[in-house]
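Engineer: Provided below: protein02.cif, containing mmCIF, C-alpha atoms.
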data_run
loop_
_atom_site.label_atom_id
_atom_site.label_comp_id
_atom_site.auth_asym_id
_atom_site.auth_seq_id
_atom_site.Cartn_x
_atom_site.Cartn_y
_atom_site.Cartn_z
CA MET N 30 -44.22 -26.81 -58.12
CA GLU N 31 -44.33 -30.52 -58.98
CA LEU N 32 -44.35 -32.94 -56.03
CA GLN N 33 -41.79 -35.72 -56.29
CA LEU N 34 -41.50 -38.85 -54.15
CA GLY N 35 -38.39 -40.95 -53.74
CA LEU N 36 -36.54 -43.39 -51.51
CA ASN N 37 -33.25 -43.00 -49.66
CA SER N 38 -30.94 -45.79 -48.57
CA PHE N 39 -27.89 -45.81 -46.32
CA GLY N 40 -26.82 -49.20 -47.65
CA GLU N 41 -27.84 -51.01 -44.49
CA VAL N 42 -26.75 -54.65 -44.38
CA ALA N 43 -29.81 -56.72 -45.27
CA THR N 44 -30.87 -60.11 -43.95
CA SER N 45 -32.20 -63.18 -45.72
CA GLY N 46 -34.07 -65.70 -43.62
CA GLY N 47 -32.75 -63.98 -40.50
CA VAL N 48 -29.13 -64.34 -41.63
CA PRO N 49 -27.15 -61.17 -42.45
CA MET N 50 -26.19 -60.87 -46.10
CA THR N 51 -22.61 -60.20 -47.10
CA ASP N 52 -21.58 -56.67 -48.02
CA ALA N 53 -21.41 -57.69 -51.68
CA GLU N 54 -24.91 -59.18 -51.60
CA THR N 55 -26.22 -56.03 -49.94
CA LEU N 56 -24.74 -53.82 -52.66
CA ARG N 57 -26.28 -55.91 -55.43
CA LEU N 58 -29.61 -55.75 -53.60
CA LEU N 59 -29.35 -51.95 -53.55
CA VAL N 60 -29.14 -51.91 -57.35
CA ASP N 61 -32.21 -54.17 -57.46
CA GLU N 62 -34.03 -51.76 -55.13
CA ALA N 63 -33.32 -48.84 -57.45
CA ARG N 64 -34.65 -50.88 -60.38
CA LEU N 65 -37.83 -51.70 -58.43
CA ALA N 66 -38.26 -48.06 -57.35
CA GLU N 67 -38.31 -47.08 -61.02
CA GLN N 68 -40.75 -49.87 -61.90
CA VAL N 69 -43.31 -48.73 -59.30
CA GLY N 70 -43.09 -45.11 -60.50
CA LEU N 71 -40.97 -43.32 -57.91
CA ASP N 72 -39.10 -40.21 -59.02
CA VAL N 73 -35.75 -40.50 -57.23
CA PHE N 74 -33.55 -43.12 -55.59
CA SER N 75 -30.82 -41.73 -53.34
CA VAL N 76 -27.89 -43.24 -51.49
CA GLY N 77 -26.12 -41.83 -48.43
CA GLU N 78 -22.44 -41.78 -47.45
CA HIS N 79 -21.28 -43.54 -44.28
CA TYR N 80 -18.09 -45.19 -43.04
CA ARG N 81 -19.22 -47.54 -40.29
CA ALA N 82 -20.13 -51.18 -39.76
CA GLY N 83 -23.62 -51.99 -40.97
CA ASN N 84 -23.61 -49.51 -43.87
CA ASN N 85 -22.23 -50.11 -47.36
CA ASP N 86 -22.71 -46.70 -48.98
CA SER N 87 -19.11 -45.45 -48.75
CA ALA N 88 -18.60 -45.27 -52.56
CA THR N 89 -21.83 -43.52 -53.48
CA PRO N 90 -20.98 -42.37 -57.04
CA VAL N 91 -19.94 -45.93 -57.97
CA LEU N 92 -23.22 -47.31 -56.62
CA LEU N 93 -25.25 -44.69 -58.46
CA ALA N 94 -23.42 -45.45 -61.70
CA ALA N 95 -24.34 -49.13 -61.30
CA MET N 96 -27.95 -48.09 -60.77
CA ALA N 97 -27.78 -45.92 -63.88
CA THR N 98 -27.02 -48.98 -66.00
CA ALA N 99 -29.96 -50.86 -64.42
CA THR N 100 -32.56 -48.10 -64.89
CA GLU N 101 -33.73 -45.69 -67.57
CA ARG N 102 -35.84 -42.92 -66.03
CA ILE N 103 -35.50 -42.53 -62.27
CA GLY N 104 -33.41 -39.71 -60.80
CA LEU N 105 -30.26 -40.83 -58.99
CA GLY N 106 -28.96 -38.80 -56.07
CA THR N 107 -27.27 -38.69 -52.68
CA SER N 108 -28.59 -38.42 -49.15
CA VAL N 109 -26.20 -36.82 -48.06
CA THR N 110 -22.74 -36.31 -49.61
CA VAL N 111 -20.32 -35.18 -46.89
CA LEU N 112 -18.77 -32.27 -48.76
CA SER N 113 -16.48 -31.33 -45.86
CA THR N 114 -14.36 -34.48 -46.30
CA ASN N 115 -14.64 -34.74 -50.09
CA ASP N 116 -12.57 -32.85 -52.62
CA PRO N 117 -14.83 -30.58 -54.73
CA VAL N 118 -12.80 -31.19 -57.89
CA ARG N 119 -12.99 -34.98 -57.57
CA LEU N 120 -16.67 -34.71 -56.63
CA TYR N 121 -17.34 -32.66 -59.76
CA HIS N 122 -15.64 -35.29 -61.93
CA GLU N 123 -17.58 -38.14 -60.33
CA PHE N 124 -20.97 -36.48 -60.71
CA SER N 125 -20.39 -35.01 -64.15
CA THR N 126 -19.52 -38.55 -65.25
CA LEU N 127 -22.59 -39.99 -63.49
CA ASP N 128 -24.81 -37.38 -65.11
CA ALA N 129 -23.41 -38.22 -68.54
CA VAL N 130 -23.77 -42.00 -68.28
CA SER N 131 -27.28 -41.69 -66.78
CA ASN N 132 -28.38 -39.23 -69.50
CA GLY N 133 -28.97 -36.30 -67.16
CA ARG N 134 -30.44 -38.06 -64.11
CA ALA N 135 -27.81 -37.19 -61.48
CA GLN N 136 -28.43 -34.96 -58.48
CA ILE N 137 -26.59 -34.34 -55.22
CA VAL N 138 -27.38 -33.27 -51.66
CA LEU N 139 -24.43 -31.60 -49.94
CA GLY N 140 -24.15 -31.55 -46.16
CA ARG N 141 -21.74 -30.96 -43.29
CA ALA N 142 -22.33 -34.45 -41.79
CA SER N 143 -24.27 -35.59 -38.76
CA ALA N 144 -22.12 -38.75 -38.70
CA THR N 145 -18.48 -37.68 -38.49
CA GLU N 146 -16.55 -40.93 -39.08
CA SER N 147 -15.15 -39.54 -42.34
CA PHE N 148 -13.20 -36.78 -40.56
CA PRO N 149 -10.58 -38.97 -38.82
CA LEU N 150 -10.70 -41.52 -41.66
CA PHE N 151 -9.55 -38.96 -44.24
CA GLY N 152 -7.37 -36.90 -41.90
CA TYR N 153 -9.62 -33.89 -41.24
CA ASP N 154 -9.96 -32.03 -37.95
CA LEU N 155 -13.49 -31.61 -36.59
CA ALA N 156 -12.40 -28.19 -35.35
CA ASP N 157 -12.44 -27.12 -39.03
CA TYR N 158 -16.06 -28.30 -39.49
CA GLU N 159 -17.47 -24.93 -40.60
CA ARG N 160 -14.50 -23.69 -42.62
CA LEU N 161 -14.20 -26.93 -44.58
CA PHE N 162 -17.84 -26.86 -45.65
CA GLU N 163 -18.02 -23.16 -46.47
CA GLU N 164 -14.89 -23.09 -48.64
CA LYS N 165 -15.62 -26.36 -50.41
CA LEU N 166 -19.23 -25.37 -51.11
CA GLU N 167 -18.13 -22.09 -52.64
CA LEU N 168 -15.67 -23.94 -54.89
CA PHE N 169 -18.09 -26.71 -55.90
CA VAL N 170 -20.81 -24.22 -56.86
CA ARG N 171 -18.34 -22.21 -58.92
CA LEU N 172 -17.14 -25.36 -60.71
CA GLU N 173 -20.76 -26.15 -61.60
CA ARG N 174 -21.64 -22.64 -62.78
CA GLU N 175 -18.41 -21.42 -64.41
CA GLU N 176 -16.47 -22.98 -67.26
CA SER N 177 -13.07 -21.70 -66.15
CA VAL N 178 -12.40 -21.33 -62.42
CA THR N 179 -9.63 -19.49 -60.60
CA TRP N 180 -9.85 -20.10 -56.85
CA SER N 181 -7.72 -20.10 -53.73
CA GLY N 182 -8.51 -21.01 -50.14
CA SER N 183 -7.16 -22.80 -47.09
CA VAL N 184 -8.61 -26.30 -47.55
CA ARG N 185 -7.03 -27.46 -50.84
CA ALA N 186 -4.57 -26.41 -53.54
CA PRO N 187 -5.54 -23.32 -55.58
CA LEU N 188 -6.93 -23.47 -59.12
CA GLN N 189 -5.82 -21.23 -61.96
CA ALA N 190 -8.15 -20.87 -64.96
CA GLN N 191 -9.10 -24.54 -64.54
CA THR N 192 -11.69 -26.21 -66.78
CA LEU N 193 -12.82 -29.69 -65.75
CA HIS N 194 -13.88 -32.56 -68.02
CA PRO N 195 -16.26 -34.18 -68.59
CA ARG N 196 -18.32 -31.02 -68.38
CA MET N 197 -21.60 -30.97 -66.52
CA ARG N 198 -24.67 -29.64 -68.27
CA GLU N 199 -24.87 -25.85 -68.22
CA GLY N 200 -25.47 -24.61 -64.68
CA GLY N 201 -24.58 -27.96 -63.13
CA ILE N 202 -26.72 -30.81 -61.85
CA PRO N 203 -29.53 -30.29 -59.30
CA THR N 204 -27.62 -29.52 -56.09
CA TRP N 205 -29.38 -29.36 -52.72
CA ILE N 206 -28.15 -28.25 -49.32
CA GLY N 207 -28.99 -30.77 -46.60
CA VAL N 208 -30.00 -29.11 -43.32
CA GLY N 209 -30.47 -30.94 -40.05
CA GLY N 210 -31.73 -27.98 -38.03
CA SER N 211 -29.24 -25.11 -38.23
CA PRO N 212 -30.77 -21.75 -39.26
CA ASP N 213 -27.34 -20.67 -40.55
CA SER N 214 -27.40 -23.61 -42.98
CA VAL N 215 -30.85 -22.58 -44.19
CA ILE N 216 -29.59 -19.06 -44.90
CA ARG N 217 -26.47 -20.45 -46.60
CA ALA N 218 -28.63 -22.45 -49.02
CA ALA N 219 -30.59 -19.31 -49.90
CA ARG N 220 -27.41 -17.25 -50.33
CA TYR N 221 -26.04 -19.70 -52.88
CA GLY N 222 -29.39 -20.05 -54.63
CA LEU N 223 -29.62 -23.79 -53.91
CA PRO N 224 -32.76 -25.79 -53.04
CA LEU N 225 -33.26 -26.91 -49.44
CA MET N 226 -33.34 -30.52 -48.22
CA LEU N 227 -34.55 -30.87 -44.62
CA ALA N 228 -32.96 -33.95 -43.04
CA ILE N 229 -35.62 -34.90 -40.51
CA ILE N 230 -34.15 -37.76 -38.49
CA GLY N 231 -36.39 -37.36 -35.45
CA GLY N 232 -39.48 -35.52 -34.26
CA LYS N 233 -42.47 -34.22 -36.15
CA PRO N 234 -41.97 -32.58 -39.57
CA GLN N 235 -44.10 -29.64 -38.37
CA ARG N 236 -41.15 -28.53 -36.22
CA PHE N 237 -39.32 -27.58 -39.41
CA ALA N 238 -42.00 -25.23 -40.75
CA GLY N 239 -40.06 -22.28 -39.37
CA HIS N 240 -37.01 -23.30 -41.38
CA VAL N 241 -39.05 -23.21 -44.57
CA GLU N 242 -40.38 -19.77 -43.72
CA LEU N 243 -36.84 -18.57 -42.96
CA TYR N 244 -35.63 -20.02 -46.27
CA HIS N 245 -38.32 -18.20 -48.25
CA ARG N 246 -37.53 -14.91 -46.51
CA ALA N 247 -33.81 -15.37 -47.12
CA LEU N 248 -34.35 -16.18 -50.82
CA ALA N 249 -36.26 -12.91 -51.20
CA GLN N 250 -33.57 -10.93 -49.36
CA PHE N 251 -30.82 -12.37 -51.57
CA GLY N 252 -32.84 -11.71 -54.72
CA GLN N 253 -33.14 -15.42 -55.53
CA PRO N 254 -36.15 -17.04 -57.22
CA LEU N 255 -38.45 -19.40 -55.32
CA LEU N 256 -36.68 -22.77 -55.11
CA PRO N 257 -37.80 -26.30 -54.18
CA VAL N 258 -37.93 -27.57 -50.60
CA ALA N 259 -37.72 -31.28 -49.80
CA GLN N 260 -37.66 -33.43 -46.70
CA HIS N 261 -35.91 -36.66 -45.85
CA SER N 262 -37.76 -38.70 -43.24
CA LEU N 263 -37.36 -42.13 -41.71
CA GLY N 264 -40.01 -44.63 -42.74
CA LEU N 265 -40.98 -48.26 -43.04
CA VAL N 266 -41.81 -49.96 -46.31
CA ALA N 267 -44.21 -52.88 -45.85
CA ARG N 268 -46.79 -54.81 -47.86
CA THR N 269 -49.71 -53.22 -46.01
CA ASP N 270 -50.32 -50.40 -43.54
#
Rewrite the structure from the file as structure tokens, please.
Structural biologist:
Amino acid sequence: MELQLGLNSFGEVATSGGVPMTDAETLRLLVDEARLAEQVGLDVFSVGEHYRAGNNDSATPVLLAAMATATERIGLGTSVTVLSTNDPVRLYHEFSTLDAVSNGRAQIVLGRASATESFPLFGYDLADYERLFEEKLELFVRLEREESVTWSGSVRAPLQAQTLHPRMREGGIPTWIGVGGSPDSVIRAARYGLPLMLAIIGGKPQRFAGHVELYHRALAQFGQPLLPVAQHSLGLVARTD
């Protein structure tokens, strides 16, 4: 499989001359960073989703759409979208639109959230952590893969023979499952036939080798083809080593 290299950003407030930039300046700088990432030959630029002081990535699809107008080739994705506190129907609309305006460059990483500020902000109970993600993932994948969807569950209103517009490309956009360490999440990704994104926020990457092995075994057991594996790691960008 082809190796791809990209950058993630959580929209951290930047500084200029030791003075913090405004939120607006930081957001414009993010668009410039995506443009530069494309110029130096990177494959993907991704933006997270947080709701706390110091981060300005709370409206990820809007940011990615701005980056789409400033670039031509680079893939544009998320790192990570908190599916549990998003509505799958709205999320589909946002990313089908992003994929259209970027000419097929959109991708998404779906996760349960390691930062949980969005739960009280949008009126969700952390006690429903697992149920929210499982039901919404099942719906989002069906919306991507089926033209007309009939669905019912406990986390949103039911759908009856619903077709969404604008349509995504056939089969949907590249959709990853972000995993921070839970073996159950690794198996879930394999069950849905979705590629695996390992969110390594501490420790050595070698610790996650067992998760990759588990993922490959689970793919085989579910009759799925071999799918990509990626890792997100913290790093420092500097002029020299």
Engineer: Which residue, N:Thr107, N:Thr145, N:Ser177, N:Asn85, has the smallest gap to Tyr158 in chain N when you use all atoms listed in the file?
Structural biologist: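 Looking at the shortest contact to Tyr158 in chain N, the residue is N:Thr145.
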Engineer: Give the answer as one residue: which of N:Pro195, N:Gly70, N:Gly83, N:Gly182 has the shortest atom-to-atom distance to Gly104 in chain N, using all atoms listed in the file?
Structural biologist: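 Closest candidate: N:Gly70.
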Engineer: When the PyMOL selection byres ((chain N and resi 164) around 12) is applied to the structure above, which residues does it catch, written out as a PyMOL selection string?
Structural biologist: chain N and resi 112-117+141+157-163+165-171+180-187
Engineer: So the first atom is CA of Gln253 in chain N and the second is CA of Arg174 in chain N; what is the distance between them in Å, to one decimal place?
Structural biologist: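 Going from CA of Gln253 in chain N over to CA of Arg174 in chain N, I get 15.4 Å.
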Engineer: Of the candidates N:Leu227, N:Gln191, N:Ile137, N:His245, which shows the shortest atom-to-atom distance to Trp205 in chain N, using only C-alpha atoms?
Structural biologist: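 Going through N:Leu227, N:Gln191, N:Ile137, N:His245 one by one, the smallest distance to Trp205 in chain N is for N:Ile137.
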Engineer: Which neighbours of Thr98 in chain N fall inside 9 Å, counting all atoms listed in the file, when residues of the same chain fewer than 3 positions from it are skipped, and could you give them as a compact mmCIF listing (two decimals) with C-alpha atoms, in the coordinates of the input?
Structural biologist:
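Result went into out-v3.txt, see below:
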# COMPACT_ATOMS: atom_id res chain seq x y z
CA LEU N 93 -25.25 -44.69 -58.46
CA ALA N 94 -23.42 -45.45 -61.70
CA ALA N 95 -24.34 -49.13 -61.30
CA GLU N 101 -33.73 -45.69 -67.57
CA VAL N 130 -23.77 -42.00 -68.28
CA SER N 131 -27.28 -41.69 -66.78
Engineer: Do you know which residues are at most 9 Å from Ser75 in chain N counting all atoms listed in the file, after dropping those on the same chain fewer than 5 positions away, and could you put them as a list in words?
Structural biologist: Gly35, Leu36, Asn37, Ser38, Phe39, Ala63, Leu93, Gly104, Leu105, Gly106, Thr107, Ser108, Val109, Gln136 and Ile137 of chain N
Engineer: Include C-alpha atoms and write out the residues we just selected as a short mmCIF file (atom, residue, chain, number, x, y, z; two decimals), keeping the file's coordinate frame.
Structural biologist:
data_model
loop_
_atom_site.label_atom_id
_atom_site.label_comp_id
_atom_site.auth_asym_id
_atom_site.auth_seq_id
_atom_site.Cartn_x
_atom_site.Cartn_y
_atom_site.Cartn_z
CA GLY N 35 -38.39 -40.95 -53.74
CA LEU N 36 -36.54 -43.39 -51.51
CA ASN N 37 -33.25 -43.00 -49.66
CA SER N 38 -30.94 -45.79 -48.57
CA PHE N 39 -27.89 -45.81 -46.32
CA ALA N 63 -33.32 -48.84 -57.45
CA LEU N 93 -25.25 -44.69 -58.46
CA GLY N 104 -33.41 -39.71 -60.80
CA LEU N 105 -30.26 -40.83 -58.99
CA GLY N 106 -28.96 -38.80 -56.07
CA THR N 107 -27.27 -38.69 -52.68
CA SER N 108 -28.59 -38.42 -49.15
CA VAL N 109 -26.20 -36.82 -48.06
CA GLN N 136 -28.43 -34.96 -58.48
CA ILE N 137 -26.59 -34.34 -55.22
#
Engineer: One decimal, Å: what's the distance from CA of Pro257 in chain N over to CA of Pro224 in chain N, could you say?
Structural biologist: 5.2 Å
Engineer: CA of Val266 in chain N to CA of Ser143 in chain N: how many Å, to one decimal?
Structural biologist: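 So the answer is 23.9 Å.
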Engineer: Which residues, written as a PyMOL selection string, have at least one atom at most 10 Å from Glu173 in chain N, with only C-alpha atoms counted and residues fewer than 5 positions away on the same chain left out?
Structural biologist: chain N and resi 121+125+168+178+193+196-204
